[in-house]
Amino acid sequence: MIRYADMRDFEVLKEYDRHISERELKNVLPLKRVLVNYEADKFIGWLRFGLFWDSIPFMNMLYILEEHRGQGRGTELAAFWEAEMSRAGYGRVMTSTQSDERAQFFYRKLGYCECGALLLPKEPLEMIFIKELR
């Protein structure tokens, strides 16, 4: 089951999502900026997003727990998010990944296209992707 996260999910998200502070996690939950995926009562993964330029939904994090990978869970979560963003009136979505990560192939498979990059000192190239929604 995929749904928007709320404070019931705070502890499990805090445990797994090391890329966001507890304070910021508490801020984004009421904004409905995190989706969670459960099978029965077992936590499978999450998707967290913000708004690029305050106007384009930008997927900051898509993570499926190791034992649930390769089963289409990430694809389902991304598709759910894209449908929600389309229903909310957005015409496109974005995400990014480092050039040394396999996620770039996953995003391409989902129809995302490269639209730029960011190079920070002593970091791999961050590839920016965009997808037009129907």
# chains A, B, ... in the order shown; residues from 1 in each chain; ligands from 1
>>> residues_around(residues="A:Lys131", least_positions_apart="6", cutoff="7 Å", atoms="only C-alpha atoms", output="list in words")
Arg92, Val93, Met94, Gly111, Tyr112 and Cys113 of chain A
>>> write_last_selection(atoms="C-alpha atoms", output="short mmCIF file (atom, residue, chain, number, x, y, z; two decimals), in the first residue's frame")
data_model
loop_
_atom_site.label_atom_id
_atom_site.label_comp_id
_atom_site.auth_asym_id
_atom_site.auth_seq_id
_atom_site.Cartn_x
_atom_site.Cartn_y
_atom_site.Cartn_z
CA ARG A 92 6.50 17.76 -15.41
CA VAL A 93 8.60 16.25 -12.66
CA MET A 94 12.33 16.13 -12.00
CA GLY A 111 11.00 7.86 -19.25
CA TYR A 112 13.14 10.52 -17.58
CA CYS A 113 15.55 12.43 -19.83
#
>>> closest_atom_pairs(of="stretch 9-48 of chain A", to="stretch 63-84 of chain A", cutoff="7 Å", atoms="only C-alpha atoms", output="Markdown table")
| residue | atom | partner | partner_atom | distance |
| --- | --- | --- | --- | --- |
| A:Ile44 | CA | A:Leu65 | CA | 5.7 |
| A:Gly45 | CA | A:Ile64 | CA | 4.3 |
| A:Trp46 | CA | A:Tyr63 | CA | 5.6 |
| A:Leu47 | CA | A:Tyr63 | CA | 6.5 |
>>> write_last_selection(atoms="C-alpha atoms", output="mmCIF file, in the first residue's frame")
data_model
loop_
_atom_site.group_PDB
_atom_site.id
_atom_site.type_symbol
_atom_site.label_atom_id
_atom_site.label_comp_id
_atom_site.auth_asym_id
_atom_site.auth_seq_id
_atom_site.Cartn_x
_atom_site.Cartn_y
_atom_site.Cartn_z
ATOM 1 C CA ILE A 44 9.194 -1.388 2.190
ATOM 2 C CA GLY A 45 10.419 2.071 1.212
ATOM 3 C CA TRP A 46 9.671 5.735 0.662
ATOM 4 C CA LEU A 47 9.765 8.613 -1.785
#
>>> residues_around(residues="A:Lys32", least_positions_apart="2", cutoff="10 Å", atoms="only C-alpha atoms", output="mmCIF file with N, CA and C atoms, in the first residue's frame")
data_model
loop_
_atom_site.group_PDB
_atom_site.id
_atom_site.type_symbol
_atom_site.label_atom_id
_atom_site.label_comp_id
_atom_site.auth_asym_id
_atom_site.auth_seq_id
_atom_site.Cartn_x
_atom_site.Cartn_y
_atom_site.Cartn_z
ATOM 1 N N ARG A 3 0.922 5.338 0.334
ATOM 2 C CA ARG A 3 0.126 6.446 0.868
ATOM 3 C C ARG A 3 1.062 7.575 1.274
ATOM 4 N N TYR A 4 0.465 8.744 1.515
ATOM 5 C CA TYR A 4 1.250 9.850 2.046
ATOM 6 C C TYR A 4 1.635 9.538 3.486
ATOM 7 N N ALA A 5 2.873 9.829 3.823
ATOM 8 C CA ALA A 5 3.356 9.603 5.186
ATOM 9 C C ALA A 5 2.771 10.644 6.115
ATOM 10 N N ASP A 6 2.668 10.277 7.381
ATOM 11 C CA ASP A 6 2.267 11.214 8.418
ATOM 12 C C ASP A 6 3.117 10.921 9.660
ATOM 13 N N ASN A 27 8.933 18.827 9.299
ATOM 14 C CA ASN A 27 8.351 19.916 8.504
ATOM 15 C C ASN A 27 7.673 19.414 7.235
ATOM 16 N N VAL A 28 8.265 18.420 6.569
ATOM 17 C CA VAL A 28 7.724 17.994 5.272
ATOM 18 C C VAL A 28 6.564 17.015 5.386
ATOM 19 N N LEU A 29 6.438 16.320 6.506
ATOM 20 C CA LEU A 29 5.331 15.365 6.643
ATOM 21 C C LEU A 29 3.959 16.030 6.526
ATOM 22 N N PRO A 30 3.694 17.133 7.239
ATOM 23 C CA PRO A 30 2.373 17.772 7.095
ATOM 24 C C PRO A 30 2.139 18.369 5.697
ATOM 25 N N VAL A 34 6.112 13.296 1.424
ATOM 26 C CA VAL A 34 6.726 11.976 1.570
ATOM 27 C C VAL A 34 5.650 10.924 1.331
ATOM 28 N N LEU A 35 5.989 9.949 0.500
ATOM 29 C CA LEU A 35 5.139 8.778 0.294
ATOM 30 C C LEU A 35 5.816 7.584 0.936
ATOM 31 N N ARG A 48 10.548 10.823 -1.216
ATOM 32 C CA ARG A 48 10.462 12.170 -0.635
ATOM 33 C C ARG A 48 10.730 13.172 -1.750
ATOM 34 N N PHE A 49 9.954 14.261 -1.773
ATOM 35 C CA PHE A 49 10.121 15.252 -2.831
ATOM 36 C C PHE A 49 9.951 16.666 -2.303
ATOM 37 N N GLY A 50 10.381 17.590 -3.111
ATOM 38 C CA GLY A 50 10.209 19.018 -2.850
ATOM 39 C C GLY A 50 9.794 19.679 -4.153
#
>>> select_by_dssp(residues="stretch 26-116 of chain A", states="strand (DSSP E)", output="PyMOL selection string")
chain A and resi 34-39+42-52+56-64+92-98+113-116
>>> write_last_selection(atoms="N, CA and C atoms", output="short mmCIF file (atom, residue, chain, number, x, y, z; two decimals), in the first residue's frame")
data_model
loop_
_atom_site.label_atom_id
_atom_site.label_comp_id
_atom_site.auth_asym_id
_atom_site.auth_seq_id
_atom_site.Cartn_x
_atom_site.Cartn_y
_atom_site.Cartn_z
N VAL A 34 6.11 13.30 1.42
CA VAL A 34 6.73 11.98 1.57
C VAL A 34 5.65 10.92 1.33
N LEU A 35 5.99 9.95 0.50
CA LEU A 35 5.14 8.78 0.29
C LEU A 35 5.82 7.58 0.94
N VAL A 36 5.03 6.69 1.50
CA VAL A 36 5.58 5.46 2.08
C VAL A 36 4.90 4.27 1.41
N ASN A 37 5.63 3.17 1.40
CA ASN A 37 5.11 1.93 0.82
C ASN A 37 5.21 0.84 1.88
N TYR A 38 4.08 0.22 2.17
CA TYR A 38 4.02 -0.88 3.12
C TYR A 38 3.38 -2.09 2.44
N GLU A 39 3.80 -3.26 2.83
CA GLU A 39 3.12 -4.49 2.44
C GLU A 39 2.61 -5.09 3.74
N LYS A 42 4.52 -4.22 6.96
CA LYS A 42 5.97 -4.19 6.78
C LYS A 42 6.38 -3.02 5.89
N PHE A 43 7.27 -2.20 6.42
CA PHE A 43 7.78 -1.03 5.70
C PHE A 43 8.69 -1.50 4.57
N ILE A 44 8.43 -0.98 3.37
CA ILE A 44 9.19 -1.39 2.19
C ILE A 44 10.10 -0.28 1.68
N GLY A 45 9.62 0.97 1.73
CA GLY A 45 10.42 2.07 1.21
C GLY A 45 9.66 3.38 1.22
N TRP A 46 10.28 4.41 0.66
CA TRP A 46 9.67 5.74 0.66
C TRP A 46 10.16 6.56 -0.52
N LEU A 47 9.41 7.62 -0.78
CA LEU A 47 9.77 8.61 -1.78
C LEU A 47 9.54 9.97 -1.13
N ARG A 48 10.55 10.82 -1.22
CA ARG A 48 10.46 12.17 -0.64
C ARG A 48 10.73 13.17 -1.75
N PHE A 49 9.95 14.26 -1.77
CA PHE A 49 10.12 15.25 -2.83
C PHE A 49 9.95 16.67 -2.30
N GLY A 50 10.38 17.59 -3.11
CA GLY A 50 10.21 19.02 -2.85
C GLY A 50 9.79 19.68 -4.15
N LEU A 51 9.98 20.98 -4.24
CA LEU A 51 9.64 21.71 -5.45
C LEU A 51 10.86 22.47 -5.95
N PHE A 52 11.32 22.13 -7.14
CA PHE A 52 12.41 22.83 -7.81
C PHE A 52 11.86 24.16 -8.30
N ILE A 56 8.21 22.98 -9.71
CA ILE A 56 8.30 21.68 -10.38
C ILE A 56 8.60 20.60 -9.33
N PRO A 57 7.72 19.61 -9.18
CA PRO A 57 8.01 18.54 -8.22
C PRO A 57 9.35 17.87 -8.52
N PHE A 58 10.18 17.78 -7.50
CA PHE A 58 11.53 17.23 -7.64
C PHE A 58 11.69 16.09 -6.63
N MET A 59 11.87 14.87 -7.15
CA MET A 59 12.05 13.71 -6.30
C MET A 59 13.46 13.77 -5.68
N ASN A 60 13.49 13.98 -4.37
CA ASN A 60 14.77 14.06 -3.66
C ASN A 60 15.29 12.69 -3.26
N MET A 61 14.38 11.76 -2.99
CA MET A 61 14.80 10.46 -2.49
C MET A 61 13.76 9.41 -2.87
N LEU A 62 14.24 8.34 -3.47
CA LEU A 62 13.42 7.16 -3.71
C LEU A 62 14.25 6.00 -3.20
N TYR A 63 13.74 5.30 -2.20
CA TYR A 63 14.53 4.23 -1.59
C TYR A 63 13.63 3.04 -1.29
N ILE A 64 14.05 1.90 -1.77
CA ILE A 64 13.39 0.63 -1.48
C ILE A 64 14.37 -0.20 -0.67
N ARG A 92 5.20 18.45 -15.35
CA ARG A 92 6.50 17.76 -15.41
C ARG A 92 7.01 17.51 -14.01
N VAL A 93 7.93 16.56 -13.92
CA VAL A 93 8.60 16.25 -12.66
C VAL A 93 10.09 16.11 -12.93
N MET A 94 10.88 16.21 -11.87
CA MET A 94 12.33 16.13 -12.00
C MET A 94 12.92 15.25 -10.90
N THR A 95 14.15 14.83 -11.13
CA THR A 95 14.93 14.14 -10.12
C THR A 95 16.40 14.26 -10.51
N SER A 96 17.26 13.67 -9.70
CA SER A 96 18.69 13.66 -10.02
C SER A 96 19.34 12.44 -9.40
N THR A 97 20.52 12.12 -9.90
CA THR A 97 21.32 11.04 -9.33
C THR A 97 22.78 11.29 -9.70
N GLN A 98 23.67 10.75 -8.91
CA GLN A 98 25.09 10.89 -9.22
C GLN A 98 25.45 9.99 -10.40
N CYS A 113 14.49 12.03 -18.91
CA CYS A 113 15.55 12.43 -19.83
C CYS A 113 16.50 13.37 -19.12
N GLU A 114 17.78 13.25 -19.44
CA GLU A 114 18.76 14.16 -18.87
C GLU A 114 18.50 15.57 -19.38
N CYS A 115 18.60 16.53 -18.46
CA CYS A 115 18.38 17.92 -18.88
C CYS A 115 19.45 18.85 -18.31
N GLY A 116 20.46 18.29 -17.67
CA GLY A 116 21.52 19.12 -17.13
C GLY A 116 22.33 18.36 -16.10
#
>>> atom_distance(atom1="atom CA of A:Arg108", atom2="atom CA of A:Asp17")
23.9 Å
>>> residues_around(residues="A:Asp100", least_positions_apart="6", cutoff="12 Å", atoms="only C-alpha atoms", output="ChimeraX atom specification")
/A:123-127
>>> select_by_dssp(residues="stretch 2-128 of chain A", states="alpha helix (DSSP H)", output="number ranges by chain")
A: 10-16, 22-28, 73-87, 103-109
>>> write_last_selection(atoms="C-alpha atoms", output="mmCIF file, in the first residue's frame")
data_model
loop_
_atom_site.group_PDB
_atom_site.id
_atom_site.type_symbol
_atom_site.label_atom_id
_atom_site.label_comp_id
_atom_site.auth_asym_id
_atom_site.auth_seq_id
_atom_site.Cartn_x
_atom_site.Cartn_y
_atom_site.Cartn_z
ATOM 1 C CA PHE A 10 8.144 9.447 11.604
ATOM 2 C CA GLU A 11 10.142 6.883 13.606
ATOM 3 C CA VAL A 12 10.637 4.445 10.733
ATOM 4 C CA LEU A 13 11.518 7.247 8.309
ATOM 5 C CA LYS A 14 13.943 8.747 10.826
ATOM 6 C CA GLU A 15 15.608 5.339 11.160
ATOM 7 C CA TYR A 16 16.154 4.831 7.427
ATOM 8 C CA GLU A 22 14.695 15.147 12.003
ATOM 9 C CA ARG A 23 13.560 18.754 12.101
ATOM 10 C CA GLU A 24 13.106 18.956 8.341
ATOM 11 C CA LEU A 25 11.377 15.566 8.248
ATOM 12 C CA LYS A 26 8.856 16.874 10.766
ATOM 13 C CA ASN A 27 8.351 19.916 8.504
ATOM 14 C CA VAL A 28 7.724 17.994 5.272
ATOM 15 C CA ARG A 73 8.417 -1.550 -5.943
ATOM 16 C CA GLY A 74 10.416 1.503 -7.011
ATOM 17 C CA THR A 75 8.575 1.660 -10.310
ATOM 18 C CA GLU A 76 5.221 1.472 -8.479
ATOM 19 C CA LEU A 77 6.206 4.208 -6.043
ATOM 20 C CA ALA A 78 7.479 6.503 -8.816
ATOM 21 C CA ALA A 79 4.337 5.894 -10.913
ATOM 22 C CA PHE A 80 2.087 6.657 -7.923
ATOM 23 C CA TRP A 81 3.982 9.904 -7.290
ATOM 24 C CA GLU A 82 3.852 10.923 -10.954
ATOM 25 C CA ALA A 83 0.095 10.289 -11.058
ATOM 26 C CA GLU A 84 -0.391 12.351 -7.883
ATOM 27 C CA MET A 85 1.669 15.203 -9.337
ATOM 28 C CA SER A 86 -0.331 15.088 -12.566
ATOM 29 C CA ARG A 87 -3.616 15.151 -10.601
ATOM 30 C CA ALA A 103 19.766 4.910 -10.552
ATOM 31 C CA GLN A 104 20.354 6.816 -13.800
ATOM 32 C CA PHE A 105 19.416 3.686 -15.752
ATOM 33 C CA PHE A 106 16.276 3.206 -13.643
ATOM 34 C CA TYR A 107 15.130 6.784 -14.299
ATOM 35 C CA ARG A 108 15.796 6.479 -18.033
ATOM 36 C CA LYS A 109 13.719 3.278 -18.084
#
